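J.: This is the content of data_10.pdb (PDB, N, CA and C atoms):
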```pdb
ATOM      1  N   MET A   1      -0.113  -8.512 -18.587  1.00  0.00           N
ATOM      2  CA  MET A   1      -0.277  -7.578 -17.496  1.00  0.00           C
ATOM      3  C   MET A   1      -1.730  -7.547 -17.013  1.00  0.00           C
ATOM      4  N   ALA A   2      -2.670  -7.641 -17.930  1.00  0.00           N
ATOM      5  CA  ALA A   2      -4.077  -7.568 -17.535  1.00  0.00           C
ATOM      6  C   ALA A   2      -4.506  -8.807 -16.761  1.00  0.00           C
ATOM      7  N   GLY A   3      -3.822  -9.905 -16.930  1.00  0.00           N
ATOM      8  CA  GLY A   3      -4.197 -11.126 -16.229  1.00  0.00           C
ATOM      9  C   GLY A   3      -3.867 -11.082 -14.752  1.00  0.00           C
ATOM     10  N   SER A   4      -2.896 -10.276 -14.353  1.00  0.00           N
ATOM     11  CA  SER A   4      -2.493 -10.259 -12.948  1.00  0.00           C
ATOM     12  C   SER A   4      -3.167  -9.150 -12.144  1.00  0.00           C
ATOM     13  N   GLU A   5      -3.749  -8.162 -12.788  1.00  0.00           N
ATOM     14  CA  GLU A   5      -4.395  -7.058 -12.084  1.00  0.00           C
ATOM     15  C   GLU A   5      -5.912  -7.145 -12.256  1.00  0.00           C
ATOM     16  N   PRO A   6      -6.652  -6.897 -11.184  1.00  0.00           N
ATOM     17  CA  PRO A   6      -8.112  -6.919 -11.327  1.00  0.00           C
ATOM     18  C   PRO A   6      -8.595  -5.721 -12.140  1.00  0.00           C
ATOM     19  N   VAL A   7      -9.623  -5.940 -12.907  1.00  0.00           N
ATOM     20  CA  VAL A   7     -10.193  -4.884 -13.719  1.00  0.00           C
ATOM     21  C   VAL A   7     -11.233  -4.150 -12.866  1.00  0.00           C
ATOM     22  N   THR A   8     -11.013  -2.864 -12.642  1.00  0.00           N
ATOM     23  CA  THR A   8     -11.923  -2.056 -11.840  1.00  0.00           C
ATOM     24  C   THR A   8     -12.254  -0.763 -12.564  1.00  0.00           C
ATOM     25  N   SER A   9     -13.354  -0.160 -12.157  1.00  0.00           N
ATOM     26  CA  SER A   9     -13.728   1.126 -12.729  1.00  0.00           C
ATOM     27  C   SER A   9     -13.165   2.245 -11.846  1.00  0.00           C
ATOM     28  N   PRO A  10     -13.054   3.460 -12.382  1.00  0.00           N
ATOM     29  CA  PRO A  10     -12.534   4.567 -11.577  1.00  0.00           C
ATOM     30  C   PRO A  10     -13.379   4.864 -10.338  1.00  0.00           C
ATOM     31  N   ASP A  11     -14.685   4.576 -10.396  1.00  0.00           N
ATOM     32  CA  ASP A  11     -15.540   4.831  -9.238  1.00  0.00           C
ATOM     33  C   ASP A  11     -15.202   3.922  -8.060  1.00  0.00           C
ATOM     34  N   GLN A  12     -14.622   2.781  -8.319  1.00  0.00           N
ATOM     35  CA  GLN A  12     -14.296   1.855  -7.244  1.00  0.00           C
ATOM     36  C   GLN A  12     -13.045   2.272  -6.487  1.00  0.00           C
ATOM     37  N   HIS A  13     -12.271   3.175  -7.024  1.00  0.00           N
ATOM     38  CA  HIS A  13     -11.023   3.578  -6.379  1.00  0.00           C
ATOM     39  C   HIS A  13     -11.228   4.624  -5.292  1.00  0.00           C
ATOM     40  N   LYS A  14     -12.242   5.440  -5.430  1.00  0.00           N
ATOM     41  CA  LYS A  14     -12.500   6.442  -4.392  1.00  0.00           C
ATOM     42  C   LYS A  14     -13.895   6.203  -3.825  1.00  0.00           C
ATOM     43  N   PRO A  15     -13.988   5.935  -2.537  1.00  0.00           N
ATOM     44  CA  PRO A  15     -15.306   5.677  -1.944  1.00  0.00           C
ATOM     45  C   PRO A  15     -16.119   6.959  -1.813  1.00  0.00           C
ATOM     46  N   GLY A  16     -17.414   6.802  -1.798  1.00  0.00           N
ATOM     47  CA  GLY A  16     -18.293   7.953  -1.620  1.00  0.00           C
ATOM     48  C   GLY A  16     -18.434   8.300  -0.152  1.00  0.00           C
ATOM     49  N   HIS A  17     -19.170   9.346   0.104  1.00  0.00           N
ATOM     50  CA  HIS A  17     -19.389   9.783   1.477  1.00  0.00           C
ATOM     51  C   HIS A  17     -20.675   9.147   1.990  1.00  0.00           C
ATOM     52  N   ARG A  18     -20.545   8.111   2.826  1.00  0.00           N
ATOM     53  CA  ARG A  18     -21.712   7.396   3.329  1.00  0.00           C
ATOM     54  C   ARG A  18     -22.579   8.285   4.209  1.00  0.00           C
ATOM     55  N   LYS A  19     -21.949   9.049   5.072  1.00  0.00           N
ATOM     56  CA  LYS A  19     -22.704   9.881   6.008  1.00  0.00           C
ATOM     57  C   LYS A  19     -23.505  10.943   5.251  1.00  0.00           C
ATOM     58  N   ALA A  20     -22.915  11.517   4.226  1.00  0.00           N
ATOM     59  CA  ALA A  20     -23.628  12.518   3.432  1.00  0.00           C
ATOM     60  C   ALA A  20     -24.814  11.884   2.707  1.00  0.00           C
ATOM     61  N   GLY A  21     -24.654  10.661   2.250  1.00  0.00           N
ATOM     62  CA  GLY A  21     -25.757   9.960   1.600  1.00  0.00           C
ATOM     63  C   GLY A  21     -26.904   9.683   2.552  1.00  0.00           C
ATOM     64  N   ARG A  22     -26.561   9.281   3.769  1.00  0.00           N
ATOM     65  CA  ARG A  22     -27.602   9.028   4.773  1.00  0.00           C
ATOM     66  C   ARG A  22     -28.331  10.309   5.137  1.00  0.00           C
ATOM     67  N   ILE A  23     -27.584  11.381   5.333  1.00  0.00           N
ATOM     68  CA  ILE A  23     -28.205  12.668   5.674  1.00  0.00           C
ATOM     69  C   ILE A  23     -29.094  13.141   4.527  1.00  0.00           C
ATOM     70  N   GLY A  24     -28.627  12.984   3.298  1.00  0.00           N
ATOM     71  CA  GLY A  24     -29.430  13.373   2.143  1.00  0.00           C
ATOM     72  C   GLY A  24     -30.719  12.580   2.040  1.00  0.00           C
ATOM     73  N   ALA A  25     -30.651  11.281   2.346  1.00  0.00           N
ATOM     74  CA  ALA A  25     -31.855  10.454   2.297  1.00  0.00           C
ATOM     75  C   ALA A  25     -32.841  10.864   3.379  1.00  0.00           C
ATOM     76  N   ILE A  26     -32.352  11.173   4.567  1.00  0.00           N
ATOM     77  CA  ILE A  26     -33.242  11.574   5.655  1.00  0.00           C
ATOM     78  C   ILE A  26     -33.877  12.935   5.363  1.00  0.00           C
ATOM     79  N   ILE A  27     -33.111  13.843   4.773  1.00  0.00           N
ATOM     80  CA  ILE A  27     -33.674  15.143   4.387  1.00  0.00           C
ATOM     81  C   ILE A  27     -34.737  14.952   3.303  1.00  0.00           C
ATOM     82  N   SER A  28     -34.491  14.038   2.373  1.00  0.00           N
ATOM     83  CA  SER A  28     -35.479  13.755   1.323  1.00  0.00           C
ATOM     84  C   SER A  28     -36.756  13.175   1.911  1.00  0.00           C
ATOM     85  N   VAL A  29     -36.613  12.290   2.908  1.00  0.00           N
ATOM     86  CA  VAL A  29     -37.794  11.723   3.569  1.00  0.00           C
ATOM     87  C   VAL A  29     -38.592  12.831   4.249  1.00  0.00           C
ATOM     88  N   ALA A  30     -37.891  13.731   4.929  1.00  0.00           N
ATOM     89  CA  ALA A  30     -38.583  14.840   5.596  1.00  0.00           C
ATOM     90  C   ALA A  30     -39.306  15.729   4.578  1.00  0.00           C
ATOM     91  N   ALA A  31     -38.656  15.989   3.453  1.00  0.00           N
ATOM     92  CA  ALA A  31     -39.288  16.820   2.422  1.00  0.00           C
ATOM     93  C   ALA A  31     -40.520  16.125   1.837  1.00  0.00           C
ATOM     94  N   LEU A  32     -40.428  14.824   1.625  1.00  0.00           N
ATOM     95  CA  LEU A  32     -41.580  14.088   1.098  1.00  0.00           C
ATOM     96  C   LEU A  32     -42.750  14.116   2.077  1.00  0.00           C
ATOM     97  N   LEU A  33     -42.449  13.962   3.356  1.00  0.00           N
ATOM     98  CA  LEU A  33     -43.525  13.969   4.346  1.00  0.00           C
ATOM     99  C   LEU A  33     -44.112  15.368   4.523  1.00  0.00           C
ATOM    100  N   LEU A  34     -43.304  16.407   4.323  1.00  0.00           N
ATOM    101  CA  LEU A  34     -43.835  17.770   4.388  1.00  0.00           C
ATOM    102  C   LEU A  34     -44.759  18.064   3.209  1.00  0.00           C
ATOM    103  N   MET A  35     -44.586  17.351   2.115  1.00  0.00           N
ATOM    104  CA  MET A  35     -45.458  17.533   0.954  1.00  0.00           C
ATOM    105  C   MET A  35     -46.870  17.009   1.199  1.00  0.00           C
ATOM    106  N   LEU A  36     -47.060  16.261   2.284  1.00  0.00           N
ATOM    107  CA  LEU A  36     -48.405  15.803   2.613  1.00  0.00           C
ATOM    108  C   LEU A  36     -49.312  16.958   3.006  1.00  0.00           C
ATOM    109  N   ILE A  37     -48.704  18.029   3.498  1.00  0.00           N
ATOM    110  CA  ILE A  37     -49.469  19.211   3.876  1.00  0.00           C
ATOM    111  C   ILE A  37     -49.709  20.014   2.598  1.00  0.00           C
ATOM    112  N   GLY A  38     -50.937  20.120   2.198  1.00  0.00           N
ATOM    113  CA  GLY A  38     -51.214  20.852   0.975  1.00  0.00           C
ATOM    114  C   GLY A  38     -52.698  20.909   0.689  1.00  0.00           C
ATOM    115  N   ASN A  39     -53.012  21.394  -0.485  1.00  0.00           N
ATOM    116  CA  ASN A  39     -54.406  21.582  -0.844  1.00  0.00           C
ATOM    117  C   ASN A  39     -54.860  20.560  -1.887  1.00  0.00           C
ATOM    118  N   HIS A  40     -54.465  19.320  -1.707  1.00  0.00           N
ATOM    119  CA  HIS A  40     -54.933  18.283  -2.618  1.00  0.00           C
ATOM    120  C   HIS A  40     -56.001  17.451  -1.916  1.00  0.00           C
ATOM    121  N   GLU A  41     -56.921  16.931  -2.703  1.00  0.00           N
ATOM    122  CA  GLU A  41     -58.062  16.227  -2.132  1.00  0.00           C
ATOM    123  C   GLU A  41     -57.904  14.716  -2.179  1.00  0.00           C
ATOM    124  N   GLY A  42     -57.268  14.199  -3.205  1.00  0.00           N
ATOM    125  CA  GLY A  42     -57.159  12.756  -3.357  1.00  0.00           C
ATOM    126  C   GLY A  42     -56.094  12.164  -2.462  1.00  0.00           C
ATOM    127  N   ALA A  43     -56.237  10.874  -2.183  1.00  0.00           N
ATOM    128  CA  ALA A  43     -55.275  10.188  -1.321  1.00  0.00           C
ATOM    129  C   ALA A  43     -54.171   9.510  -2.128  1.00  0.00           C
ATOM    130  N   THR A  44     -54.283   9.552  -3.443  1.00  0.00           N
ATOM    131  CA  THR A  44     -53.272   8.887  -4.275  1.00  0.00           C
ATOM    132  C   THR A  44     -51.901   9.509  -4.078  1.00  0.00           C
ATOM    133  N   GLU A  45     -51.849  10.815  -4.024  1.00  0.00           N
ATOM    134  CA  GLU A  45     -50.571  11.485  -3.821  1.00  0.00           C
ATOM    135  C   GLU A  45     -49.977  11.134  -2.465  1.00  0.00           C
ATOM    136  N   ASP A  46     -50.843  11.075  -1.448  1.00  0.00           N
ATOM    137  CA  ASP A  46     -50.377  10.742  -0.107  1.00  0.00           C
ATOM    138  C   ASP A  46     -49.780   9.337  -0.066  1.00  0.00           C
ATOM    139  N   ILE A  47     -50.432   8.406  -0.729  1.00  0.00           N
ATOM    140  CA  ILE A  47     -49.937   7.023  -0.745  1.00  0.00           C
ATOM    141  C   ILE A  47     -48.568   6.954  -1.394  1.00  0.00           C
ATOM    142  N   TRP A  48     -48.384   7.636  -2.511  1.00  0.00           N
ATOM    143  CA  TRP A  48     -47.083   7.625  -3.192  1.00  0.00           C
ATOM    144  C   TRP A  48     -46.002   8.286  -2.342  1.00  0.00           C
ATOM    145  N   LEU A  49     -46.315   9.427  -1.749  1.00  0.00           N
ATOM    146  CA  LEU A  49     -45.327  10.137  -0.930  1.00  0.00           C
ATOM    147  C   LEU A  49     -44.902   9.299   0.272  1.00  0.00           C
ATOM    148  N   ILE A  50     -45.864   8.696   0.946  1.00  0.00           N
ATOM    149  CA  ILE A  50     -45.541   7.868   2.102  1.00  0.00           C
ATOM    150  C   ILE A  50     -44.776   6.623   1.678  1.00  0.00           C
ATOM    151  N   GLY A  51     -45.174   6.018   0.573  1.00  0.00           N
ATOM    152  CA  GLY A  51     -44.497   4.816   0.087  1.00  0.00           C
ATOM    153  C   GLY A  51     -43.036   5.066  -0.271  1.00  0.00           C
ATOM    154  N   ILE A  52     -42.774   6.160  -0.945  1.00  0.00           N
ATOM    155  CA  ILE A  52     -41.393   6.479  -1.319  1.00  0.00           C
ATOM    156  C   ILE A  52     -40.575   6.824  -0.081  1.00  0.00           C
ATOM    157  N   ALA A  53     -41.172   7.549   0.862  1.00  0.00           N
ATOM    158  CA  ALA A  53     -40.461   7.891   2.092  1.00  0.00           C
ATOM    159  C   ALA A  53     -40.121   6.639   2.897  1.00  0.00           C
ATOM    160  N   VAL A  54     -41.065   5.714   2.994  1.00  0.00           N
ATOM    161  CA  VAL A  54     -40.808   4.462   3.714  1.00  0.00           C
ATOM    162  C   VAL A  54     -39.731   3.654   2.994  1.00  0.00           C
ATOM    163  N   GLY A  55     -39.774   3.632   1.669  1.00  0.00           N
ATOM    164  CA  GLY A  55     -38.750   2.917   0.902  1.00  0.00           C
ATOM    165  C   GLY A  55     -37.351   3.465   1.162  1.00  0.00           C
ATOM    166  N   LEU A  56     -37.226   4.775   1.186  1.00  0.00           N
ATOM    167  CA  LEU A  56     -35.924   5.385   1.482  1.00  0.00           C
ATOM    168  C   LEU A  56     -35.446   5.035   2.887  1.00  0.00           C
ATOM    169  N   LEU A  57     -36.355   5.072   3.846  1.00  0.00           N
ATOM    170  CA  LEU A  57     -35.977   4.722   5.221  1.00  0.00           C
ATOM    171  C   LEU A  57     -35.547   3.267   5.331  1.00  0.00           C
ATOM    172  N   VAL A  58     -36.234   2.375   4.632  1.00  0.00           N
ATOM    173  CA  VAL A  58     -35.860   0.957   4.648  1.00  0.00           C
ATOM    174  C   VAL A  58     -34.463   0.770   4.073  1.00  0.00           C
ATOM    175  N   ILE A  59     -34.151   1.467   3.013  1.00  0.00           N
ATOM    176  CA  ILE A  59     -32.822   1.367   2.403  1.00  0.00           C
ATOM    177  C   ILE A  59     -31.750   1.871   3.360  1.00  0.00           C
ATOM    178  N   VAL A  60     -31.978   3.015   4.003  1.00  0.00           N
ATOM    179  CA  VAL A  60     -30.983   3.582   4.923  1.00  0.00           C
ATOM    180  C   VAL A  60     -30.788   2.669   6.135  1.00  0.00           C
ATOM    181  N   ILE A  61     -31.879   2.191   6.707  1.00  0.00           N
ATOM    182  CA  ILE A  61     -31.773   1.316   7.881  1.00  0.00           C
ATOM    183  C   ILE A  61     -31.136  -0.013   7.499  1.00  0.00           C
ATOM    184  N   GLY A  62     -31.525  -0.573   6.371  1.00  0.00           N
ATOM    185  CA  GLY A  62     -30.925  -1.826   5.915  1.00  0.00           C
ATOM    186  C   GLY A  62     -29.432  -1.697   5.673  1.00  0.00           C
ATOM    187  N   ASP A  63     -29.013  -0.596   5.087  1.00  0.00           N
ATOM    188  CA  ASP A  63     -27.587  -0.369   4.848  1.00  0.00           C
ATOM    189  C   ASP A  63     -26.832  -0.260   6.169  1.00  0.00           C
ATOM    190  N   ALA A  64     -27.409   0.443   7.137  1.00  0.00           N
ATOM    191  CA  ALA A  64     -26.751   0.594   8.439  1.00  0.00           C
ATOM    192  C   ALA A  64     -26.619  -0.755   9.146  1.00  0.00           C
ATOM    193  N   VAL A  65     -27.655  -1.574   9.079  1.00  0.00           N
ATOM    194  CA  VAL A  65     -27.611  -2.891   9.727  1.00  0.00           C
ATOM    195  C   VAL A  65     -26.582  -3.783   9.054  1.00  0.00           C
ATOM    196  N   LEU A  66     -26.557  -3.785   7.736  1.00  0.00           N
ATOM    197  CA  LEU A  66     -25.592  -4.626   7.020  1.00  0.00           C
ATOM    198  C   LEU A  66     -24.160  -4.194   7.297  1.00  0.00           C
ATOM    199  N   ARG A  67     -23.913  -2.903   7.350  1.00  0.00           N
ATOM    200  CA  ARG A  67     -22.559  -2.415   7.636  1.00  0.00           C
ATOM    201  C   ARG A  67     -22.151  -2.734   9.077  1.00  0.00           C
ATOM    202  N   ARG A  68     -23.083  -2.625  10.005  1.00  0.00           N
ATOM    203  CA  ARG A  68     -22.760  -2.916  11.400  1.00  0.00           C
ATOM    204  C   ARG A  68     -22.430  -4.397  11.586  1.00  0.00           C
ATOM    205  N   ASN A  69     -23.127  -5.265  10.869  1.00  0.00           N
ATOM    206  CA  ASN A  69     -22.899  -6.691  10.985  1.00  0.00           C
ATOM    207  C   ASN A  69     -21.729  -7.166  10.135  1.00  0.00           C
ATOM    208  N   GLY A  70     -21.122  -6.282   9.377  1.00  0.00           N
ATOM    209  CA  GLY A  70     -19.966  -6.631   8.565  1.00  0.00           C
ATOM    210  C   GLY A  70     -20.301  -7.371   7.298  1.00  0.00           C
ATOM    211  N   LEU A  71     -21.547  -7.311   6.879  1.00  0.00           N
ATOM    212  CA  LEU A  71     -21.964  -8.006   5.654  1.00  0.00           C
ATOM    213  C   LEU A  71     -21.806  -7.152   4.410  1.00  0.00           C
ATOM    214  N   ARG A  72     -21.466  -5.884   4.614  1.00  0.00           N
ATOM    215  CA  ARG A  72     -21.272  -4.972   3.484  1.00  0.00           C
ATOM    216  C   ARG A  72     -20.092  -4.068   3.808  1.00  0.00           C
ATOM    217  N   SER A  73     -19.266  -3.827   2.826  1.00  0.00           N
ATOM    218  CA  SER A  73     -18.079  -2.995   3.079  1.00  0.00           C
ATOM    219  C   SER A  73     -18.325  -1.542   2.745  1.00  0.00           C
TER
END
```
I need this file expressed as structure tokens, please.
T.:
Amino acid sequence: MAGSEPVTSPDQHKPGHRKAGRIGAIISVAALLLMLIGNHEGATEDIWLIGIAVGLLVIVIGDAVLRRNGLRS
């Protein structure tokens, strides 16, 4: 019986909410950029906050492009 059916995990049977994930990532980016306003003197924190925010945006935009082109289901 196992030879004829593909082996899958329970997470593969129910898809997640893509739109909620995108909205959550954009809200996280906004929160990270709002953290730039503060009473810190060094630029190290700013570099990390901007870097993580840009990384999240790249992931969201890349996912949207791949889905639009049909390269990702």
J.: Which parts of chain A does DSSP call alpha helix (DSSP H) when run on the backbone here, written out as an MDAnalysis selection string?
T.: chainID A and resid 18:34 44:68
J.: Report as a ChimeraX atom specification all protein, DNA and RNA residues lying within 12 Å of A:Ala53, evaluated on only C-alpha atoms, omitting residues in the same chain fewer than 2 positions from it.
T.: /A:25-36,46-51,55-60
J.: To one decimal place, how far is atom CA of A:Val65 from atom C of A:Ile52 in Å?
T.: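 About the pair atom CA of A:Val65 and atom C of A:Ile52: they are 18.9 Å apart.
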J.: Just give me the gap between atom C of A:Gly42 and atom CA of A:Gly24 in Å, one decimal is fine.
T.: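 For atom C of A:Gly42 relative to atom CA of A:Gly24, the distance reads 27.1 Å.
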J.: Between atom C of A:Arg18 and atom N of A:Pro6, what distance in Å does the model show, to one decimal?
T.: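 Atom-to-atom, atom C of A:Arg18 to atom N of A:Pro6, that is 26.9 Å.
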